[in-house]
file query.pdb (PDB, C-alpha atoms)
ATOM      1  CA  MET W   1      20.319  72.684  29.718
ATOM      2  CA  THR W   2      19.543  71.710  26.211
ATOM      3  CA  THR W   3      17.054  69.015  25.524
ATOM      4  CA  PRO W   4      18.603  66.342  23.315
ATOM      5  CA  LEU W   5      17.247  66.292  19.828
ATOM      6  CA  THR W   6      15.395  63.066  19.115
ATOM      7  CA  LEU W   7      14.827  61.927  15.580
ATOM      8  CA  ALA W   8      11.421  60.588  14.700
ATOM      9  CA  PRO W   9      11.471  57.065  13.329
ATOM     10  CA  ALA W  10      11.443  56.885   9.553
ATOM     11  CA  PRO W  11       7.994  56.072   8.216
ATOM     12  CA  THR W  12       7.612  52.478   7.166
ATOM     13  CA  VAL W  13       6.840  52.069   3.528
ATOM     14  CA  ARG W  14       4.056  49.581   3.125
ATOM     15  CA  THR W  15       2.778  48.249  -0.099
ATOM     16  CA  LYS W  16      -0.949  48.181  -0.568
ATOM     17  CA  ARG W  17      -2.574  44.835  -0.064
ATOM     18  CA  SER W  18      -3.914  44.946  -3.618
ATOM     19  CA  ASP W  19      -0.310  45.039  -4.912
ATOM     20  CA  HIS W  20       0.557  41.671  -3.450
ATOM     21  CA  LEU W  21       0.275  38.545  -5.516
ATOM     22  CA  ILE W  22      -1.582  36.570  -2.841
ATOM     23  CA  ALA W  23      -4.039  39.395  -2.232
ATOM     24  CA  ARG W  24      -4.804  39.741  -5.941
ATOM     25  CA  PHE W  25      -5.240  35.983  -6.190
ATOM     26  CA  ALA W  26      -7.521  35.963  -3.143
ATOM     27  CA  ARG W  27      -9.829  38.550  -4.719
ATOM     28  CA  HIS W  28     -10.758  35.958  -7.343
ATOM     29  CA  ARG W  29     -13.372  33.893  -5.472
ATOM     30  CA  GLY W  30     -13.406  31.110  -8.033
ATOM     31  CA  ALA W  31      -9.625  30.795  -7.774
ATOM     32  CA  VAL W  32      -9.844  30.496  -3.980
ATOM     33  CA  VAL W  33     -12.434  27.726  -4.312
ATOM     34  CA  GLY W  34     -10.227  26.001  -6.891
ATOM     35  CA  ALA W  35      -7.173  26.312  -4.637
ATOM     36  CA  LEU W  36      -9.085  24.775  -1.716
ATOM     37  CA  LEU W  37     -10.258  21.871  -3.876
ATOM     38  CA  LEU W  38      -6.739  21.356  -5.172
ATOM     39  CA  ALA W  39      -5.308  21.484  -1.636
ATOM     40  CA  LEU W  40      -7.853  18.865  -0.553
ATOM     41  CA  VAL W  41      -6.813  16.522  -3.383
ATOM     42  CA  VAL W  42      -3.112  17.059  -2.590
ATOM     43  CA  LEU W  43      -3.747  16.330   1.100
ATOM     44  CA  MET W  44      -5.705  13.225   0.126
ATOM     45  CA  ALA W  45      -2.828  12.019  -2.068
ATOM     46  CA  LEU W  46      -0.212  12.661   0.630
ATOM     47  CA  THR W  47      -2.156  10.828   3.348
ATOM     48  CA  ALA W  48      -3.416   7.941   1.174
ATOM     49  CA  ASP W  49      -1.258   5.328   2.940
ATOM     50  CA  LEU W  50      -2.406   6.553   6.351
ATOM     51  CA  LEU W  51      -6.092   6.682   5.484
ATOM     52  CA  TYR W  52      -6.195   3.423   3.533
ATOM     53  CA  PRO W  53      -3.054   1.339   4.128
ATOM     54  CA  GLY W  54      -2.371  -1.626   1.907
ATOM     55  CA  ASN W  55      -3.217  -2.320  -1.704
ATOM     56  CA  PRO W  56      -6.326  -0.340  -2.742
ATOM     57  CA  LEU W  57      -7.002  -2.884  -5.511
ATOM     58  CA  ARG W  58      -7.601  -5.785  -3.136
ATOM     59  CA  ILE W  59     -11.084  -7.260  -2.731
ATOM     60  CA  VAL W  60     -12.520  -6.307   0.660
ATOM     61  CA  ALA W  61     -16.298  -6.860   0.553
ATOM     62  CA  ALA W  62     -19.261  -7.933  -1.513
ATOM     63  CA  PRO W  63     -19.463  -6.407  -4.997
ATOM     64  CA  GLU W  64     -21.567  -3.375  -5.913
ATOM     65  CA  ILE W  65     -22.362  -2.022  -2.470
ATOM     66  CA  TRP W  66     -24.082   1.290  -3.077
ATOM     67  CA  PRO W  67     -22.615   4.533  -1.660
ATOM     68  CA  PHE W  68     -23.655   5.628   1.838
ATOM     69  CA  THR W  69     -25.226   2.274   2.691
ATOM     70  CA  ASP W  70     -22.252   0.835   4.619
ATOM     71  CA  ARG W  71     -20.151   2.938   6.985
ATOM     72  CA  ALA W  72     -17.075   0.844   6.294
ATOM     73  CA  TYR W  73     -17.273   1.725   2.585
ATOM     74  CA  PRO W  74     -18.664   5.277   2.273
ATOM     75  CA  LEU W  75     -18.569   5.323  -1.536
ATOM     76  CA  GLY W  76     -19.460   1.664  -1.931
ATOM     77  CA  THR W  77     -17.593  -1.115  -3.721
ATOM     78  CA  ASP W  78     -17.043  -1.860  -7.390
ATOM     79  CA  ALA W  79     -18.022  -4.929  -9.438
ATOM     80  CA  LEU W  80     -15.156  -6.949  -7.913
ATOM     81  CA  GLY W  81     -15.751  -5.874  -4.323
ATOM     82  CA  ARG W  82     -12.939  -3.321  -4.085
ATOM     83  CA  ASP W  83     -13.344  -0.245  -1.900
ATOM     84  CA  ILE W  84     -14.131   2.749  -4.154
ATOM     85  CA  THR W  85     -13.069   5.267  -1.503
ATOM     86  CA  ALA W  86      -9.629   3.649  -1.159
ATOM     87  CA  MET W  87      -9.192   3.654  -4.937
ATOM     88  CA  ILE W  88     -10.266   7.315  -5.178
ATOM     89  CA  VAL W  89      -7.808   8.340  -2.446
ATOM     90  CA  HIS W  90      -4.893   6.354  -3.891
ATOM     91  CA  GLY W  91      -5.880   7.331  -7.435
ATOM     92  CA  ALA W  92      -5.393  10.994  -6.510
ATOM     93  CA  ARG W  93      -1.682  10.296  -6.092
ATOM     94  CA  ALA W  94      -1.287   8.778  -9.560
ATOM     95  CA  THR W  95      -3.439  11.483 -11.134
ATOM     96  CA  LEU W  96      -1.462  14.348  -9.595
ATOM     97  CA  LEU W  97       1.884  12.661 -10.245
ATOM     98  CA  ILE W  98       1.182  12.209 -13.947
ATOM     99  CA  GLY W  99      -0.280  15.709 -14.274
ATOM    100  CA  LEU W 100       2.540  17.524 -12.480
ATOM    101  CA  VAL W 101       5.457  15.577 -13.971
ATOM    102  CA  ALA W 102       4.036  15.749 -17.504
ATOM    103  CA  ALA W 103       3.367  19.491 -17.106
ATOM    104  CA  ALA W 104       6.885  20.090 -15.759
ATOM    105  CA  ALA W 105       8.423  18.205 -18.690
ATOM    106  CA  ALA W 106       6.192  19.999 -21.196
ATOM    107  CA  THR W 107       7.043  23.377 -19.658
ATOM    108  CA  ALA W 108      10.774  22.680 -19.754
ATOM    109  CA  ILE W 109      10.646  21.573 -23.408
ATOM    110  CA  GLY W 110       8.301  24.383 -24.477
ATOM    111  CA  VAL W 111      10.241  27.162 -22.753
ATOM    112  CA  THR W 112      13.553  25.909 -24.146
ATOM    113  CA  VAL W 113      12.234  25.584 -27.706
ATOM    114  CA  GLY W 114      10.454  28.952 -27.651
ATOM    115  CA  ALA W 115      13.396  30.783 -26.100
ATOM    116  CA  LEU W 116      16.030  29.358 -28.455
ATOM    117  CA  ALA W 117      13.846  29.895 -31.529
ATOM    118  CA  THR W 118      13.333  33.572 -30.720
ATOM    119  CA  TRP W 119      16.868  34.352 -29.592
ATOM    120  CA  TYR W 120      18.764  32.798 -32.490
ATOM    121  CA  GLY W 121      16.131  33.286 -35.216
ATOM    122  CA  GLY W 122      16.933  32.324 -38.813
ATOM    123  CA  TRP W 123      17.145  28.648 -39.620
ATOM    124  CA  VAL W 124      17.110  27.685 -35.928
ATOM    125  CA  GLU W 125      13.728  29.359 -35.465
ATOM    126  CA  GLU W 126      12.445  27.868 -38.715
ATOM    127  CA  ILE W 127      13.344  24.308 -37.722
ATOM    128  CA  LEU W 128      12.083  24.575 -34.146
ATOM    129  CA  MET W 129       8.765  26.217 -35.065
ATOM    130  CA  ARG W 130       8.123  23.735 -37.893
ATOM    131  CA  LEU W 131       8.753  20.969 -35.360
ATOM    132  CA  THR W 132       6.256  22.616 -33.037
ATOM    133  CA  GLU W 133       3.673  22.772 -35.798
ATOM    134  CA  LEU W 134       4.312  19.108 -36.617
ATOM    135  CA  PHE W 135       3.410  18.106 -33.061
ATOM    136  CA  GLN W 136       0.335  20.345 -33.173
ATOM    137  CA  ILE W 137      -1.154  18.803 -36.319
ATOM    138  CA  ILE W 138      -0.925  15.252 -34.911
ATOM    139  CA  PRO W 139      -4.123  14.416 -32.962
ATOM    140  CA  ASN W 140      -2.994  14.449 -29.351
ATOM    141  CA  VAL W 141      -5.074  11.525 -28.135
ATOM    142  CA  VAL W 142      -3.945   9.341 -31.058
ATOM    143  CA  PHE W 143      -0.309  10.240 -30.382
ATOM    144  CA  VAL W 144      -0.601   9.435 -26.660
ATOM    145  CA  LEU W 145      -2.333   6.116 -27.354
ATOM    146  CA  THR W 146       0.294   5.203 -29.952
ATOM    147  CA  VAL W 147       3.225   5.950 -27.634
ATOM    148  CA  VAL W 148       1.659   4.032 -24.745
ATOM    149  CA  SER W 149       0.835   1.081 -27.016
ATOM    150  CA  VAL W 150       4.429   0.928 -28.265
ATOM    151  CA  LEU W 151       6.225   1.518 -24.943
ATOM    152  CA  GLY W 152       3.771  -0.366 -22.722
ATOM    153  CA  PRO W 153       1.034   0.590 -20.238
ATOM    154  CA  LYS W 154       3.266   1.896 -17.462
ATOM    155  CA  ILE W 155       2.799   5.128 -15.523
ATOM    156  CA  GLY W 156       6.198   6.399 -16.692
ATOM    157  CA  ASN W 157       5.353   5.802 -20.338
ATOM    158  CA  ILE W 158       1.994   7.555 -19.959
ATOM    159  CA  THR W 159       3.755  10.551 -18.399
ATOM    160  CA  ILE W 160       6.273  10.697 -21.264
ATOM    161  CA  ALA W 161       3.521  10.497 -23.884
ATOM    162  CA  VAL W 162       1.440  13.226 -22.226
ATOM    163  CA  GLY W 163       4.480  15.477 -21.844
ATOM    164  CA  LEU W 164       5.337  15.084 -25.537
ATOM    165  CA  VAL W 165       1.924  16.309 -26.708
ATOM    166  CA  SER W 166       1.618  19.167 -24.203
ATOM    167  CA  TRP W 167       4.670  21.347 -24.918
ATOM    168  CA  PRO W 168       3.766  23.084 -28.277
ATOM    169  CA  PRO W 169       1.342  25.693 -26.775
ATOM    170  CA  ILE W 170       3.967  26.624 -24.184
ATOM    171  CA  ALA W 171       6.631  26.939 -26.898
ATOM    172  CA  ARG W 172       4.451  29.294 -28.953
ATOM    173  CA  LEU W 173       3.551  31.370 -25.895
ATOM    174  CA  THR W 174       7.203  31.602 -24.822
ATOM    175  CA  ARG W 175       8.190  32.679 -28.331
ATOM    176  CA  ALA W 176       5.561  35.434 -28.314
ATOM    177  CA  GLU W 177       6.740  36.709 -24.914
ATOM    178  CA  PHE W 178      10.407  36.619 -25.942
ATOM    179  CA  LEU W 179       9.635  38.535 -29.140
ATOM    180  CA  SER W 180       8.108  41.340 -27.065
ATOM    181  CA  LEU W 181      11.065  41.410 -24.643
ATOM    182  CA  LYS W 182      14.013  40.725 -26.932
ATOM    183  CA  GLU W 183      14.500  44.341 -28.031
ATOM    184  CA  ARG W 184      13.838  46.009 -24.662
ATOM    185  CA  GLU W 185      16.412  48.369 -23.170
ATOM    186  CA  PHE W 186      17.531  46.032 -20.387
ATOM    187  CA  VAL W 187      18.291  43.297 -22.955
ATOM    188  CA  GLN W 188      20.285  45.744 -25.074
ATOM    189  CA  ALA W 189      22.197  46.759 -21.954
ATOM    190  CA  CYS W 190      23.025  43.105 -21.242
ATOM    191  CA  ARG W 191      24.324  42.719 -24.777
ATOM    192  CA  ALA W 192      26.376  45.888 -24.428
ATOM    193  CA  VAL W 193      28.235  44.496 -21.416
ATOM    194  CA  ALA W 194      28.819  41.219 -23.325
ATOM    195  CA  LEU W 195      26.774  38.872 -21.159
ATOM    196  CA  SER W 196      26.517  35.347 -22.526
ATOM    197  CA  PRO W 197      23.340  34.428 -24.467
ATOM    198  CA  GLY W 198      22.476  31.755 -21.898
ATOM    199  CA  ARG W 199      22.581  34.249 -19.056
ATOM    200  CA  ILE W 200      20.525  36.816 -20.948
ATOM    201  CA  ILE W 201      17.902  34.222 -21.935
ATOM    202  CA  PHE W 202      17.482  32.374 -18.644
ATOM    203  CA  ARG W 203      18.363  35.053 -16.067
ATOM    204  CA  GLU W 204      17.147  38.265 -17.660
ATOM    205  CA  ILE W 205      14.389  37.613 -20.220
ATOM    206  CA  LEU W 206      12.843  34.394 -18.894
ATOM    207  CA  PRO W 207      11.825  35.749 -15.448
ATOM    208  CA  ASN W 208       9.887  38.527 -17.215
ATOM    209  CA  ALA W 209       8.226  36.024 -19.566
ATOM    210  CA  LEU W 210       7.260  33.511 -16.865
ATOM    211  CA  PRO W 211       3.857  34.815 -15.632
ATOM    212  CA  PRO W 212       1.798  33.757 -18.688
ATOM    213  CA  VAL W 213       3.845  30.558 -18.933
ATOM    214  CA  ILE W 214       2.931  29.684 -15.332
ATOM    215  CA  VAL W 215      -0.743  30.190 -16.139
ATOM    216  CA  MET W 216      -0.428  27.971 -19.205
ATOM    217  CA  ALA W 217       1.397  25.311 -17.163
ATOM    218  CA  SER W 218      -1.533  25.084 -14.731
ATOM    219  CA  LEU W 219      -3.832  24.395 -17.672
ATOM    220  CA  VAL W 220      -1.378  21.815 -19.029
ATOM    221  CA  VAL W 221      -1.670  19.932 -15.717
ATOM    222  CA  ALA W 222      -5.445  19.768 -16.206
ATOM    223  CA  GLY W 223      -4.988  18.581 -19.779
ATOM    224  CA  ALA W 224      -2.483  15.934 -18.677
ATOM    225  CA  ILE W 225      -4.982  14.559 -16.163
ATOM    226  CA  LEU W 226      -7.607  14.305 -18.895
ATOM    227  CA  TYR W 227      -5.176  12.519 -21.242
ATOM    228  CA  GLU W 228      -4.312  10.005 -18.516
ATOM    229  CA  SER W 229      -8.011   9.448 -17.864
ATOM    230  CA  VAL W 230      -8.635   8.759 -21.550
ATOM    231  CA  VAL W 231      -5.735   6.289 -21.739
ATOM    232  CA  SER W 232      -6.884   4.464 -18.599
ATOM    233  CA  PHE W 233     -10.523   4.543 -19.717
ATOM    234  CA  LEU W 234      -9.535   2.697 -22.902
ATOM    235  CA  GLY W 235      -7.705   0.032 -20.889
ATOM    236  CA  LEU W 236      -4.139   1.158 -21.669
ATOM    237  CA  GLY W 237      -3.373   2.504 -18.210
ATOM    238  CA  ASP W 238      -1.069   0.868 -15.676
ATOM    239  CA  PRO W 239      -3.073  -2.089 -14.251
ATOM    240  CA  ASN W 240      -1.026  -2.070 -11.028
ATOM    241  CA  ILE W 241      -2.179   1.339  -9.800
ATOM    242  CA  ALA W 242      -5.565   2.791  -8.919
ATOM    243  CA  SER W 243      -6.645   5.275 -11.590
ATOM    244  CA  TRP W 244      -9.770   7.389 -11.823
ATOM    245  CA  GLY W 245      -9.963   6.958 -15.591
ATOM    246  CA  ARG W 246      -9.663   3.178 -15.272
ATOM    247  CA  MET W 247     -12.476   3.180 -12.706
ATOM    248  CA  VAL W 248     -14.735   5.032 -15.137
ATOM    249  CA  GLY W 249     -13.843   2.579 -17.902
ATOM    250  CA  GLU W 250     -14.472  -0.494 -15.762
ATOM    251  CA  GLY W 251     -17.791   0.863 -14.498
ATOM    252  CA  ARG W 252     -19.218   1.766 -17.894
ATOM    253  CA  THR W 253     -20.370  -1.811 -18.553
ATOM    254  CA  LEU W 254     -22.668  -1.582 -15.509
ATOM    255  CA  ILE W 255     -23.869   1.953 -16.144
ATOM    256  CA  ARG W 256     -27.547   0.925 -16.143
ATOM    257  CA  SER W 257     -27.547  -1.109 -12.929
ATOM    258  CA  SER W 258     -24.758   0.544 -10.904
ATOM    259  CA  TRP W 259     -24.180   3.970 -12.405
ATOM    260  CA  PHE W 260     -22.217   5.155  -9.360
ATOM    261  CA  LEU W 261     -19.242   3.009 -10.451
ATOM    262  CA  SER W 262     -18.548   5.498 -13.245
ATOM    263  CA  ALA W 263     -20.121   8.569 -11.670
ATOM    264  CA  VAL W 264     -17.941   8.744  -8.532
ATOM    265  CA  PRO W 265     -14.526   8.756 -10.301
ATOM    266  CA  GLY W 266     -16.021  10.879 -13.092
ATOM    267  CA  VAL W 267     -16.991  13.563 -10.573
ATOM    268  CA  ALA W 268     -13.486  13.369  -9.058
ATOM    269  CA  ILE W 269     -11.911  13.996 -12.478
ATOM    270  CA  MET W 270     -14.320  16.860 -13.152
ATOM    271  CA  LEU W 271     -13.550  18.538  -9.816
ATOM    272  CA  ILE W 272      -9.755  18.354 -10.132
ATOM    273  CA  VAL W 273      -9.827  19.696 -13.708
ATOM    274  CA  LEU W 274     -12.263  22.454 -12.675
ATOM    275  CA  ALA W 275     -10.041  23.355  -9.706
ATOM    276  CA  LEU W 276      -6.949  23.641 -11.921
ATOM    277  CA  ASN W 277      -8.780  25.829 -14.427
ATOM    278  CA  LEU W 278     -10.042  28.109 -11.644
ATOM    279  CA  VAL W 279      -6.525  28.363 -10.206
ATOM    280  CA  GLY W 280      -5.242  29.207 -13.688
ATOM    281  CA  ASP W 281      -7.785  32.021 -13.984
ATOM    282  CA  GLY W 282      -6.734  33.366 -10.593
ATOM    283  CA  LEU W 283      -3.050  33.237 -11.515
ATOM    284  CA  ASN W 284      -3.812  35.058 -14.742
ATOM    285  CA  ASP W 285      -5.536  37.845 -12.824
ATOM    286  CA  ALA W 286      -2.756  38.020 -10.231
ATOM    287  CA  LEU W 287       0.219  37.855 -12.585
ATOM    288  CA  ASN W 288      -1.134  39.976 -15.441
ATOM    289  CA  PRO W 289      -0.526  43.643 -14.553
ATOM    290  CA  LYS W 290      -3.222  44.770 -17.019
ATOM    291  CA  LEU W 291      -5.874  43.039 -14.894
ATOM    292  CA  ARG W 292      -4.838  44.397 -11.478
ATOM    293  CA  LYS W 293      -7.467  47.138 -11.511
ATOM    294  CA  ARG W 294     -10.239  44.877 -12.734
TER     295      ARG W 294
END

call {"tool": "encode", "arguments": {"input": "query.pdb", "output": "structure tokens"}}
result
Amino acid sequence: MTTPLTLAPAPTVRTKRSDHLIARFARHRGAVVGALLLALVVLMALTADLLYPGNPLRIVAAPEIWPFTDRAYPLGTDALGRDITAMIVHGARATLLIGLVAAAAATAIGVTVGALATWYGGWVEEILMRLTELFQIIPNVVFVLTVVSVLGPKIGNITIAVGLVSWPPIARLTRAEFLSLKEREFVQACRAVALSPGRIIFREILPNALPPVIVMASLVVAGAILYESVVSFLGLGDPNIASWGRMVGEGRTLIRSSWFLSAVPGVAIMLIVLALNLVGDGLNDALNPKLRKR
């Protein structure tokens, strides 16, 4: 009687943990801290209506209650008697919305301009890159303030203005990446089989050029938040929404007697910008193959 031949199970091929994007990101301690801070702000923005229902700009108590002196108002009240904690929580929503939407618009414009300039070259590249340089030589803050002054102090107009000043670095980075990929073998193979330029650009080259663009986009979000804070600080922000920059601007007149009015939202702005920069550093380490063995 012959014993049936049993085949051993095929060995499972497992990739090393260090080869995974999340694992490489997690090795960057600063990036993990930044991601946790960012997640906390996102959670705060998503649950703002549950934590502090109603209008955060309404007057709820006596003015200038100092932080940690009244349990009902942990961060105190401002000069009008509005709850600072409620405004911080609701302000996170406006801050993230402006930052993310402006960064998405800037990324879309920058990637499109950089990709088309590199692919078609010639006069198309000349026009698009001169346009990019034109936007770069205009002082960004002045441009944002001018657009908001003309269109009006609405959150949509602020987002448009910030998006318009944030795309040139992404366009230049995309152009540099496309120049290094345009003559690669896989692109030549796509041309040989007569694929359309749109498919080659957006389905073949762009995915390989995205990692540094993603890193840049995270930094653009941080920059957009700072631009919005500057606009609101100068009194050109939307008066109907809670804004961290507006809180800093309104509290600066009482900086000697009630410094916390500017300090609390100022610390919030600093932490969110720091978190985004740390996340950008972690993404750079995780997405850049040259840094995997660092």

call {"tool": "closest_residue", "arguments": {"input": "query.pdb", "among": "W:Ala194, W:Tyr227, W:Ala31, W:Leu100", "to": "Pro139 (chain W)", "atoms": "all atoms listed in the file"}}
result
W:Tyr227

call {"tool": "residues_near_point", "arguments": {"input": "query.pdb", "point": "(-4.6, 32.6, -3.1)", "cutoff": "9 Å", "atoms": "only C-alpha atoms", "output": "PyMOL selection string"}}
result
chain W and resi 21-28+31-32+35+279+282-283

call {"tool": "resolve_selection", "arguments": {"input": "query.pdb", "expression": "the PyMOL selection byres ((chain W and resi 216) around 12)", "output": "JSON, numbers by chain"}}
result
{"W": [103, 104, 106, 107, 110, 111, 166, 167, 168, 169, 170, 171, 172, 173, 174, 209, 210, 211, 212, 213, 214, 215, 217, 218, 219, 220, 221, 222, 223, 276, 277, 279, 280, 281, 282, 283, 284, 287]}

call {"tool": "atom_distance", "arguments": {"input": "query.pdb", "atom1": "CA of Gly99 (chain W)", "atom2": "CA of Gly163 (chain W)"}}
result
8.9 Å

call {"tool": "resolve_selection", "arguments": {"input": "query.pdb", "expression": "the PyMOL selection byres ((chain W and resi 245) around 6)", "output": "PyMOL selection string"}}
result
chain W and resi 229+232-233+243-244+246-248

call {"tool": "atom_distance", "arguments": {"input": "query.pdb", "atom1": "CA of Ile158 (chain W)", "atom2": "CA of His90 (chain W)"}}
result
17.5 Å

call {"tool": "resolve_selection", "arguments": {"input": "query.pdb", "expression": "the PyMOL selection byres ((chain W and resi 65-79) around 10)", "output": "ChimeraX atom specification"}}
result
/W:59-64,80-88,247,250-251,253-254,258-262,264

call {"tool": "decode", "arguments": {"input": "query.pdb", "residues": "region 240-248 of chain W", "atoms": "all heavy atoms", "output": "PDB file, in the first residue's frame"}}
result
ATOM      1  N   ASN W 240     -18.688  85.735  10.298  1.00  0.00           N
ATOM      2  CA  ASN W 240     -19.764  84.842  10.736  1.00  0.00           C
ATOM      3  C   ASN W 240     -19.265  83.490  11.221  1.00  0.00           C
ATOM      4  O   ASN W 240     -20.078  82.651  11.619  1.00  0.00           O
ATOM      5  CB  ASN W 240     -20.759  84.631   9.593  1.00  0.00           C
ATOM      6  CG  ASN W 240     -21.390  85.925   9.137  1.00  0.00           C
ATOM      7  OD1 ASN W 240     -21.813  86.742   9.961  1.00  0.00           O
ATOM      8  ND2 ASN W 240     -21.444  86.151   7.825  1.00  0.00           N
ATOM      9  N   ILE W 241     -17.951  83.252  11.150  1.00  0.00           N
ATOM     10  CA  ILE W 241     -17.421  81.975  11.601  1.00  0.00           C
ATOM     11  C   ILE W 241     -16.335  82.216  12.637  1.00  0.00           C
ATOM     12  O   ILE W 241     -15.691  83.264  12.658  1.00  0.00           O
ATOM     13  CB  ILE W 241     -16.844  81.146  10.432  1.00  0.00           C
ATOM     14  CG1 ILE W 241     -15.681  81.890   9.775  1.00  0.00           C
ATOM     15  CG2 ILE W 241     -17.918  80.821   9.407  1.00  0.00           C
ATOM     16  CD1 ILE W 241     -14.926  81.061   8.773  1.00  0.00           C
ATOM     17  N   ALA W 242     -16.150  81.239  13.509  1.00  0.00           N
ATOM     18  CA  ALA W 242     -15.064  81.308  14.490  1.00  0.00           C
ATOM     19  C   ALA W 242     -13.752  81.005  13.785  1.00  0.00           C
ATOM     20  O   ALA W 242     -13.644  80.026  13.038  1.00  0.00           O
ATOM     21  CB  ALA W 242     -15.316  80.307  15.615  1.00  0.00           C
ATOM     22  N   SER W 243     -12.752  81.826  13.997  1.00  0.00           N
ATOM     23  CA  SER W 243     -11.459  81.660  13.330  1.00  0.00           C
ATOM     24  C   SER W 243     -10.346  81.911  14.333  1.00  0.00           C
ATOM     25  O   SER W 243     -10.403  82.880  15.107  1.00  0.00           O
ATOM     26  CB  SER W 243     -11.339  82.627  12.151  1.00  0.00           C
ATOM     27  OG  SER W 243     -10.017  82.719  11.701  1.00  0.00           O
ATOM     28  N   TRP W 244      -9.350  81.045  14.320  1.00  0.00           N
ATOM     29  CA  TRP W 244      -8.232  81.204  15.247  1.00  0.00           C
ATOM     30  C   TRP W 244      -7.472  82.501  14.978  1.00  0.00           C
ATOM     31  O   TRP W 244      -7.076  83.201  15.916  1.00  0.00           O
ATOM     32  CB  TRP W 244      -7.294  80.007  15.127  1.00  0.00           C
ATOM     33  CG  TRP W 244      -7.908  78.727  15.579  1.00  0.00           C
ATOM     34  CD1 TRP W 244      -9.099  78.575  16.236  1.00  0.00           C
ATOM     35  CD2 TRP W 244      -7.380  77.409  15.424  1.00  0.00           C
ATOM     36  NE1 TRP W 244      -9.347  77.248  16.489  1.00  0.00           N
ATOM     37  CE2 TRP W 244      -8.299  76.507  15.996  1.00  0.00           C
ATOM     38  CE3 TRP W 244      -6.223  76.900  14.844  1.00  0.00           C
ATOM     39  CZ2 TRP W 244      -8.090  75.142  16.023  1.00  0.00           C
ATOM     40  CZ3 TRP W 244      -6.006  75.527  14.858  1.00  0.00           C
ATOM     41  CH2 TRP W 244      -6.925  74.660  15.448  1.00  0.00           C
ATOM     42  N   GLY W 245      -7.257  82.829  13.731  1.00  0.00           N
ATOM     43  CA  GLY W 245      -6.555  84.067  13.400  1.00  0.00           C
ATOM     44  C   GLY W 245      -7.322  85.297  13.862  1.00  0.00           C
ATOM     45  O   GLY W 245      -6.728  86.263  14.371  1.00  0.00           O
ATOM     46  N   ARG W 246      -8.647  85.267  13.712  1.00  0.00           N
ATOM     47  CA  ARG W 246      -9.468  86.394  14.160  1.00  0.00           C
ATOM     48  C   ARG W 246      -9.396  86.531  15.681  1.00  0.00           C
ATOM     49  O   ARG W 246      -9.388  87.654  16.219  1.00  0.00           O
ATOM     50  CB  ARG W 246     -10.902  86.193  13.699  1.00  0.00           C
ATOM     51  CG  ARG W 246     -11.766  87.439  13.867  1.00  0.00           C
ATOM     52  CD  ARG W 246     -13.161  87.209  13.306  1.00  0.00           C
ATOM     53  NE  ARG W 246     -13.906  88.453  13.260  1.00  0.00           N
ATOM     54  CZ  ARG W 246     -13.880  89.294  12.251  1.00  0.00           C
ATOM     55  NH1 ARG W 246     -13.147  89.020  11.189  1.00  0.00           N
ATOM     56  NH2 ARG W 246     -14.577  90.407  12.269  1.00  0.00           N
ATOM     57  N   MET W 247      -9.349  85.411  16.384  1.00  0.00           N
ATOM     58  CA  MET W 247      -9.248  85.453  17.843  1.00  0.00           C
ATOM     59  C   MET W 247      -7.937  86.101  18.279  1.00  0.00           C
ATOM     60  O   MET W 247      -7.906  86.894  19.226  1.00  0.00           O
ATOM     61  CB  MET W 247      -9.356  84.035  18.410  1.00  0.00           C
ATOM     62  CG  MET W 247     -10.732  83.402  18.241  1.00  0.00           C
ATOM     63  SD  MET W 247     -10.748  81.659  18.708  1.00  0.00           S
ATOM     64  CE  MET W 247     -10.451  81.804  20.479  1.00  0.00           C
ATOM     65  N   VAL W 248      -6.859  85.780  17.578  1.00  0.00           N
ATOM     66  CA  VAL W 248      -5.569  86.407  17.899  1.00  0.00           C
ATOM     67  C   VAL W 248      -5.646  87.911  17.643  1.00  0.00           C
ATOM     68  O   VAL W 248      -5.182  88.723  18.457  1.00  0.00           O
ATOM     69  CB  VAL W 248      -4.435  85.776  17.066  1.00  0.00           C
ATOM     70  CG1 VAL W 248      -3.121  86.505  17.321  1.00  0.00           C
ATOM     71  CG2 VAL W 248      -4.271  84.305  17.408  1.00  0.00           C
TER      72      VAL W 248
END
